[in-house]
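This is coords13.txt (compact mmCIF, C-alpha atoms and all ligand atoms).
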# COMPACT_ATOMS: atom_id res chain seq x y z
CA MET A 13 -13.17 6.74 6.27
CA ALA A 14 -9.60 5.45 6.70
CA THR A 15 -6.29 6.21 5.06
CA ILE A 16 -3.83 3.32 4.91
CA THR A 17 -0.17 3.50 3.93
CA VAL A 18 1.50 0.35 2.64
CA LEU A 19 5.22 0.49 3.29
CA SER A 20 8.39 -1.50 3.64
CA GLN A 21 11.98 -0.59 4.14
CA LYS A 22 12.98 -1.71 0.64
CA GLY A 23 11.73 -2.58 -2.83
CA GLY A 24 10.48 -5.88 -4.15
CA THR A 25 8.42 -6.81 -1.10
CA GLY A 26 5.09 -6.72 -2.94
CA LYS A 27 3.89 -3.30 -1.71
CA THR A 28 2.60 -2.06 -5.03
CA THR A 29 0.93 -5.37 -5.83
CA THR A 30 -0.72 -5.23 -2.41
CA VAL A 31 -2.09 -1.73 -2.97
CA ARG A 32 -3.25 -2.57 -6.45
CA THR A 33 -4.96 -5.80 -5.47
CA LEU A 34 -6.53 -4.52 -2.27
CA ALA A 35 -7.85 -1.47 -4.14
CA ASP A 36 -9.41 -3.88 -6.59
CA VAL A 37 -10.95 -6.11 -3.89
CA PHE A 38 -12.35 -3.14 -1.99
CA ARG A 39 -13.82 -1.60 -5.13
CA ARG A 40 -15.51 -4.85 -6.07
CA ILE A 41 -17.39 -4.77 -2.77
CA GLY A 42 -18.57 -1.26 -3.51
CA LEU A 43 -16.20 0.84 -1.44
CA ARG A 44 -15.11 4.21 -2.78
CA VAL A 45 -11.33 3.81 -2.95
CA LEU A 46 -8.64 6.31 -3.88
CA ALA A 47 -5.22 4.86 -4.73
CA VAL A 48 -2.26 7.21 -4.31
CA ASP A 49 1.07 6.46 -5.99
CA LEU A 50 3.90 7.96 -3.97
CA ASP A 51 6.76 6.19 -5.75
CA PRO A 52 8.62 8.10 -8.52
CA GLN A 53 8.87 4.76 -10.35
CA GLY A 54 5.13 5.00 -10.93
CA ASN A 55 4.55 1.22 -10.76
CA LEU A 56 1.12 1.58 -9.18
CA SER A 57 0.08 4.03 -11.91
CA ASP A 58 1.20 1.47 -14.50
CA TYR A 59 -0.56 -1.41 -12.78
CA LEU A 60 -3.77 0.59 -12.60
CA ASP A 61 -3.41 1.51 -16.25
CA VAL A 62 -3.27 5.27 -15.86
CA ASP A 63 -2.31 7.07 -19.07
CA PRO A 64 1.45 7.77 -18.68
CA ASP A 65 0.85 11.32 -19.92
CA ALA A 66 -1.91 12.06 -17.40
CA THR A 67 -1.32 15.38 -15.62
CA PRO A 68 -1.18 16.75 -13.05
CA THR A 69 0.31 14.03 -10.86
CA ILE A 70 1.19 13.80 -7.19
CA GLY A 71 4.48 15.62 -7.86
CA GLU A 72 2.64 18.81 -8.93
CA VAL A 73 0.33 18.52 -5.93
CA LEU A 74 3.20 18.25 -3.43
CA THR A 75 5.02 21.23 -4.90
CA GLY A 76 1.87 23.35 -4.92
CA ARG A 77 1.55 23.54 -8.70
CA ALA A 78 -1.79 21.73 -8.88
CA LEU A 79 -4.87 21.12 -6.79
CA VAL A 80 -5.24 17.60 -5.50
CA ALA A 81 -8.71 17.22 -7.02
CA GLU A 82 -7.21 17.84 -10.47
CA ALA A 83 -4.68 15.06 -9.96
CA ILE A 84 -7.26 12.28 -9.53
CA HIS A 85 -7.53 10.21 -12.69
CA ASP A 86 -10.14 7.43 -12.46
CA GLY A 87 -9.65 6.97 -8.73
CA VAL A 88 -5.86 7.13 -8.88
CA ILE A 89 -3.41 9.92 -8.11
CA PRO A 90 -0.51 8.85 -10.31
CA ALA A 91 3.20 9.44 -9.97
CA ASN A 92 6.08 9.65 -12.42
CA LEU A 93 9.78 10.46 -12.30
CA GLY A 94 8.92 14.12 -11.68
CA LEU A 95 8.12 13.06 -8.13
CA ALA A 96 11.84 12.57 -7.45
CA GLU A 97 12.41 16.23 -8.24
CA ALA A 98 9.32 17.24 -6.28
CA GLU A 99 10.74 15.43 -3.25
CA LEU A 100 13.88 17.56 -3.45
CA VAL A 101 11.85 20.77 -3.72
CA LEU A 102 9.65 19.66 -0.84
CA ALA A 103 12.68 18.95 1.35
CA GLY A 104 13.47 22.67 1.47
CA LYS A 105 10.01 23.75 2.60
CA ILE A 106 8.50 24.44 5.98
CA GLY A 107 5.84 21.88 6.83
CA ARG A 108 7.37 19.45 4.36
CA GLU A 109 6.16 16.37 6.28
CA LEU A 110 2.56 17.65 6.31
CA THR A 111 2.14 18.42 2.63
CA LEU A 112 0.40 15.21 1.56
CA LYS A 113 -1.88 15.28 4.59
CA ARG A 114 -2.99 18.82 3.80
CA ALA A 115 -3.73 17.84 0.23
CA LEU A 116 -5.63 14.63 1.02
CA ASP A 117 -7.69 16.36 3.71
CA GLN A 118 -9.28 18.40 0.92
CA ILE A 119 -10.71 15.37 -0.88
CA ALA A 120 -11.00 12.71 1.85
CA ASP A 121 -14.78 13.21 2.13
CA GLY A 122 -15.30 11.58 -1.25
CA TYR A 123 -13.77 8.25 -0.22
CA GLU A 124 -14.19 5.40 2.23
CA LEU A 125 -10.63 4.17 1.86
CA ILE A 126 -7.48 5.86 0.66
CA LEU A 127 -4.56 3.51 -0.05
CA ILE A 128 -1.08 4.97 -0.40
CA ASP A 129 1.79 3.12 -2.09
CA CYS A 130 5.25 4.13 -0.86
CA PRO A 131 8.65 4.25 -2.54
CA PRO A 132 11.21 1.62 -1.48
CA ALA A 133 12.81 3.88 1.12
CA LEU A 134 11.91 5.33 4.48
CA GLY A 135 12.52 8.96 3.44
CA LEU A 136 10.45 12.13 3.20
CA LEU A 137 7.81 10.68 0.87
CA THR A 138 7.11 7.72 3.16
CA VAL A 139 7.01 10.08 6.14
CA ASN A 140 4.46 12.22 4.27
CA ALA A 141 2.38 9.10 3.69
CA LEU A 142 2.54 8.12 7.37
CA VAL A 143 1.64 11.60 8.54
CA ALA A 144 -1.38 11.58 6.20
CA SER A 145 -2.58 8.14 7.38
CA ASP A 146 -4.68 6.57 10.09
CA PHE A 147 -3.03 3.19 9.60
CA ALA A 148 0.19 1.64 8.37
CA LEU A 149 0.34 -1.80 6.78
CA LEU A 150 3.81 -3.32 6.63
CA SER A 151 4.71 -5.59 3.79
CA ALA A 152 7.48 -8.01 4.82
CA GLU A 153 9.28 -10.20 2.42
CA ALA A 154 9.50 -13.85 3.42
CA GLN A 155 13.28 -13.83 3.83
CA TYR A 156 15.73 -14.44 6.62
CA PHE A 157 16.10 -10.70 7.19
CA ALA A 158 12.36 -9.98 7.23
CA LEU A 159 12.51 -9.07 10.89
CA GLN A 160 15.20 -6.45 10.42
CA GLY A 161 13.24 -4.69 7.66
CA VAL A 162 10.09 -4.67 9.76
CA GLU A 163 11.99 -3.28 12.73
CA GLN A 164 13.30 -0.34 10.68
CA ALA A 165 9.88 0.43 9.24
CA LEU A 166 8.36 0.29 12.73
CA GLU A 167 10.92 2.84 13.91
CA VAL A 168 9.83 5.27 11.21
CA ILE A 169 6.18 4.67 12.09
CA GLY A 170 7.09 5.45 15.70
CA LEU A 171 8.81 8.68 14.68
CA ALA A 172 5.82 9.82 12.63
CA ARG A 173 3.51 9.02 15.53
CA ASP A 174 5.63 10.76 18.17
CA SER A 175 6.20 13.92 16.19
CA LEU A 176 3.34 14.66 13.83
CA ASN A 177 0.62 12.01 13.83
CA PRO A 178 -0.20 10.68 17.31
CA GLY A 179 -3.27 8.84 15.96
CA LEU A 180 -1.27 6.63 13.58
CA ARG A 181 -1.79 2.92 14.22
CA LEU A 182 -0.20 -0.22 12.88
CA LEU A 183 -2.85 -2.08 10.90
CA GLY A 184 -0.74 -5.18 10.58
CA VAL A 185 2.32 -6.90 9.19
CA LEU A 186 1.77 -8.92 6.03
CA LEU A 187 4.15 -11.71 5.08
CA ASN A 188 4.34 -11.30 1.32
CA ILE A 189 5.71 -13.35 -1.59
CA ALA A 190 5.93 -16.37 0.66
CA ASP A 191 6.36 -20.01 -0.13
CA MET A 192 5.20 -21.72 3.01
CA ARG A 193 6.45 -25.06 1.69
CA THR A 194 9.98 -23.79 2.27
CA ARG A 195 11.70 -23.70 5.60
CA HIS A 196 12.83 -20.08 5.32
CA SER A 197 9.32 -18.73 4.67
CA ARG A 198 8.02 -20.66 7.66
CA ASP A 199 10.93 -19.42 9.78
CA ALA A 200 10.19 -15.83 8.71
CA PHE A 201 6.53 -16.28 9.67
CA ASP A 202 7.39 -17.81 13.03
CA SER A 203 9.89 -15.14 13.98
CA LEU A 204 7.45 -12.36 12.97
CA ARG A 205 4.72 -14.03 15.04
CA GLU A 206 7.06 -14.33 17.98
CA HIS A 207 7.99 -10.64 17.84
CA TYR A 208 4.76 -9.02 16.74
CA GLY A 209 2.10 -11.47 17.89
CA GLU A 210 -1.36 -10.71 16.56
CA GLN A 211 -0.06 -7.77 14.56
CA LEU A 212 1.14 -10.32 12.01
CA LEU A 213 -1.76 -11.18 9.70
CA ASP A 214 -2.65 -14.88 9.71
CA GLN A 215 -2.99 -14.91 5.95
CA THR A 216 0.23 -14.77 3.91
CA ILE A 217 0.49 -13.98 0.19
CA ARG A 218 1.73 -16.93 -1.80
CA SER A 219 4.59 -16.45 -4.20
CA SER A 220 3.61 -17.02 -7.82
CA ILE A 221 4.84 -15.98 -11.24
CA ALA A 222 1.17 -15.28 -12.02
CA TYR A 223 1.54 -11.87 -10.30
CA ALA A 224 4.18 -10.69 -12.76
CA GLU A 225 2.17 -12.17 -15.65
CA SER A 226 -1.06 -10.47 -14.62
CA ALA A 227 0.75 -7.14 -14.17
CA GLU A 228 2.28 -7.46 -17.62
CA ARG A 229 -1.13 -8.14 -19.17
CA ALA A 230 -2.79 -5.40 -17.10
CA VAL A 231 -5.30 -7.96 -15.84
CA SER A 232 -6.22 -8.11 -12.18
CA ILE A 233 -5.04 -11.21 -10.36
CA LEU A 234 -8.69 -11.54 -9.23
CA ASP A 235 -9.61 -12.37 -12.81
CA TYR A 236 -6.35 -13.94 -13.93
CA ARG A 237 -5.95 -16.42 -11.07
CA PRO A 238 -8.89 -16.23 -8.65
CA ASP A 239 -7.50 -19.24 -6.77
CA LEU A 240 -4.33 -17.29 -5.87
CA ALA A 241 -6.23 -14.06 -5.34
CA ALA A 242 -8.07 -15.77 -2.47
CA ASP A 243 -5.00 -14.83 -0.40
CA TYR A 244 -5.73 -11.15 -0.91
CA VAL A 245 -9.45 -11.60 -0.29
CA ASN A 246 -8.58 -13.19 3.06
CA VAL A 247 -6.15 -10.37 3.84
CA ALA A 248 -8.90 -7.87 2.97
CA ASP A 249 -11.16 -9.72 5.39
CA GLU A 250 -8.62 -9.47 8.21
CA LEU A 251 -8.08 -5.79 7.48
CA LEU A 252 -11.80 -4.94 7.40
CA ARG A 253 -12.17 -6.66 10.77
CA ARG A 254 -9.34 -4.55 12.16
CA LEU A 255 -10.85 -1.44 10.57
CA ASP A 256 -14.21 -2.28 12.12
CA MET A 257 -16.08 -2.23 8.81
CA PRO A 258 -18.51 -5.16 9.26
CA ASP A 259 -20.85 -4.22 6.39
CA ALA A 260 -18.04 -4.21 3.88
CA ARG A 261 -16.79 -7.46 5.38
CA SER A 262 -20.09 -9.19 4.79
CA ARG A 263 -20.07 -8.10 1.16
CA LEU A 264 -16.67 -9.73 0.84
CA SER A 265 -18.13 -13.17 1.42
CA ALA A 266 -20.43 -12.62 -1.56
CA LEU A 267 -17.38 -11.77 -3.66
CA VAL A 268 -15.75 -15.07 -2.76
CA GLN A 269 -18.80 -17.05 -3.82
CA THR A 270 -18.95 -15.54 -7.30
N1 LIG B 301 2.88 -12.83 -4.42
C1 LIG B 301 3.81 -12.64 -5.36
N2 LIG B 301 4.51 -13.69 -5.87
C2 LIG B 301 5.47 -13.53 -6.79
N3 LIG B 301 5.81 -12.36 -7.32
C3 LIG B 301 5.15 -11.27 -6.87
C4 LIG B 301 4.14 -11.34 -5.87
N4 LIG B 301 3.68 -10.10 -5.63
C5 LIG B 301 4.38 -9.28 -6.44
N5 LIG B 301 5.25 -9.97 -7.17
C6 LIG B 301 6.20 -9.47 -8.18
O1 LIG B 301 7.38 -9.04 -7.51
C7 LIG B 301 7.87 -7.83 -8.08
C8 LIG B 301 7.85 -6.75 -7.01
O2 LIG B 301 6.50 -6.52 -6.58
P1 LIG B 301 5.99 -5.08 -6.24
O3 LIG B 301 4.58 -5.21 -5.81
O4 LIG B 301 6.27 -4.14 -7.35
O5 LIG B 301 6.91 -4.74 -4.97
P2 LIG B 301 7.37 -3.34 -4.34
O6 LIG B 301 6.30 -2.35 -4.63
O7 LIG B 301 7.51 -3.63 -2.87
O8 LIG B 301 8.68 -3.00 -4.98
C9 LIG B 301 6.95 -7.53 -9.26
O9 LIG B 301 7.54 -8.05 -10.42
C10 LIG B 301 5.67 -8.27 -8.92
O10 LIG B 301 4.95 -8.64 -10.09
MG MG B 302 6.44 -0.52 -5.51

Could I get this structure in the form of structure tokens?
Amino acid sequence: MATITVLSQKGGTGKTTTVRTLADVFRRIGLRVLAVDLDPQGNLSDYLDVDPDATPTIGEVLTGRALVAEAIHDGVIPANLGLAEAELVLAGKIGRELTLKRALDQIADGYELILIDCPPALGLLTVNALVASDFALLSAEAQYFALQGVEQALEVIGLARDSLNPGLRLLGVLLNIADMRTRHSRDAFDSLREHYGEQLLDQTIRSSIAYAESAERAVSILDYRPDLAADYVNVADELLRRLDMPDARSRLSALVQT
């Protein structure tokens, strides 16, 4: 059982799409996956087609108004704007960084993977996610300043590890929304490789309008454009190797063939 937080220092780097698509890939190979939306914008909840009126949500769990088990709706703990208010309430409480961990510990037994989607900021919610996780996966946008964003996110991971979660490990850095035909995407890849070596995943996620289209239609990219989705299947393969889950990895090859 592993809990993985997907984070980046800002929005628009493909975090939510990564959580959504990886959750989908892992479920298709039979893993029991819980997806946790920790962004008040609720994009992951939308992508995964959770009823917008579903209650309770993660906000009620973090403020102690609901049990975590009640907040799971079809394998998703959704978020909505109420989470912004919950974050403020949480900020005034003792043990505020440990709240998500304490909640997820109660239900972790039912899952093989828990994937947490973070808001586009390195604040209290992202710290809660990191404290609750075994691994952090960094999503880096293929831009000139990719390195700077990764550096800031790594600092926060370091803080979480030093203070509250010594077992936290970096699962990898993913170069997302990349167009490797362009010089700047290749430069971003090269500079990340130079600085982070093998921590940078070999597979990058290609940039395509098909991601926005599939989100709009509430169709998984695995069905909408399997050719593009191969990027995520390869990322899943690299992650399962790093997670030391060989059985799941072998089932992944069957998924590719279908
Ligand atoms: N590989 C991709 N290529 C092009 N657009 C993408 C890709 N992945 C995601 N997007 C789009 O980029 C926008 C931001 O993605 P999202 O996953 O919501 O990022 P974040 O959660 O980091 O803010 C969305 O409109 C999404 O559909
Ligand atoms: Mg997002």

#### Entry: Of the listed residues A:Leu159, A:Ala241, A:Val80, A:Ala91, that which approaches ligand LIG 301 (chain B) most closely, counting all atoms listed in the file
A:Ala241

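Distances from A:Gln164, A:Thr216, A:Asn246, A:Ser232 to Ala35 of chain A were compared using only C-alpha atoms, and the smallest one belongs to A:Ser232.
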
### Task
Go through the chains and note each residue within 6 Å of ligand MG 302 (chain B), using only C-alpha atoms and all ligand atoms, then give the set as an MDAnalysis selection string.
chainID A and resid 27:28 55

### Contacts of segment 135-152 of chain A within 7 Å, only C-alpha atoms, excl. fewer than 5 positions in-chain, as number ranges by chain
A: 14-20, 25-27, 50, 99, 109-113, 128, 130, 158, 162, 169, 172, 176-177, 179-188

Could you save the residues just selected, with C-alpha atoms, as an mmCIF file, in the coordinates of the input?
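Below is the file that was written, out-v5.cif:
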data_model
loop_
_atom_site.group_PDB
_atom_site.id
_atom_site.type_symbol
_atom_site.label_atom_id
_atom_site.label_comp_id
_atom_site.auth_asym_id
_atom_site.auth_seq_id
_atom_site.Cartn_x
_atom_site.Cartn_y
_atom_site.Cartn_z
ATOM 1 C CA ALA A 14 -9.600 5.450 6.700
ATOM 2 C CA THR A 15 -6.290 6.210 5.060
ATOM 3 C CA ILE A 16 -3.830 3.320 4.910
ATOM 4 C CA THR A 17 -0.170 3.500 3.930
ATOM 5 C CA VAL A 18 1.500 0.350 2.640
ATOM 6 C CA LEU A 19 5.220 0.490 3.290
ATOM 7 C CA SER A 20 8.390 -1.500 3.640
ATOM 8 C CA THR A 25 8.420 -6.810 -1.100
ATOM 9 C CA GLY A 26 5.090 -6.720 -2.940
ATOM 10 C CA LYS A 27 3.890 -3.300 -1.710
ATOM 11 C CA LEU A 50 3.900 7.960 -3.970
ATOM 12 C CA GLU A 99 10.740 15.430 -3.250
ATOM 13 C CA GLU A 109 6.160 16.370 6.280
ATOM 14 C CA LEU A 110 2.560 17.650 6.310
ATOM 15 C CA THR A 111 2.140 18.420 2.630
ATOM 16 C CA LEU A 112 0.400 15.210 1.560
ATOM 17 C CA LYS A 113 -1.880 15.280 4.590
ATOM 18 C CA ILE A 128 -1.080 4.970 -0.400
ATOM 19 C CA CYS A 130 5.250 4.130 -0.860
ATOM 20 C CA ALA A 158 12.360 -9.980 7.230
ATOM 21 C CA VAL A 162 10.090 -4.670 9.760
ATOM 22 C CA ILE A 169 6.180 4.670 12.090
ATOM 23 C CA ALA A 172 5.820 9.820 12.630
ATOM 24 C CA LEU A 176 3.340 14.660 13.830
ATOM 25 C CA ASN A 177 0.620 12.010 13.830
ATOM 26 C CA GLY A 179 -3.270 8.840 15.960
ATOM 27 C CA LEU A 180 -1.270 6.630 13.580
ATOM 28 C CA ARG A 181 -1.790 2.920 14.220
ATOM 29 C CA LEU A 182 -0.200 -0.220 12.880
ATOM 30 C CA LEU A 183 -2.850 -2.080 10.900
ATOM 31 C CA GLY A 184 -0.740 -5.180 10.580
ATOM 32 C CA VAL A 185 2.320 -6.900 9.190
ATOM 33 C CA LEU A 186 1.770 -8.920 6.030
ATOM 34 C CA LEU A 187 4.150 -11.710 5.080
ATOM 35 C CA ASN A 188 4.340 -11.300 1.320
#

### Task
Using only C-alpha atoms and all ligand atoms, find each residue with an atom at most 6 Å away from ligand LIG 301 (chain B) and format the answer as a ChimeraX atom specification.
/A:23-29,189,217-221,223-224

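Take atom CA of Leu56 of chain A and atom CA of Asp129 of chain A: the distance between them is 7.3 Å.
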
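In terms of minimum interatomic distance to Gly76 of chain A, A:Ala115 ranks closest within A:Ala115, A:Ala96, A:Leu46, A:Leu267, counting only C-alpha atoms.
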
### Task
For segment 201-203 of chain A, list every protein, DNA or RNA residue within 8 Å, evaluated using all atoms listed in the file, and leave out those in the same chain fewer than 2 positions away; present the list as a ChimeraX atom specification.
/A:154,159,187,197-199,205-207

Put a box with edges along x, y and z around all the listed atoms of segment 177-193 of chain A, pad it by 4 Å on each side, then give me its centre and sizes in Å, one decimal, as lines of an AutoDock Vina configuration file.
center_x = 1.6
center_y = -6.5
center_z = 7.9
size_x = 17.7
size_y = 45.1
size_z = 26.9
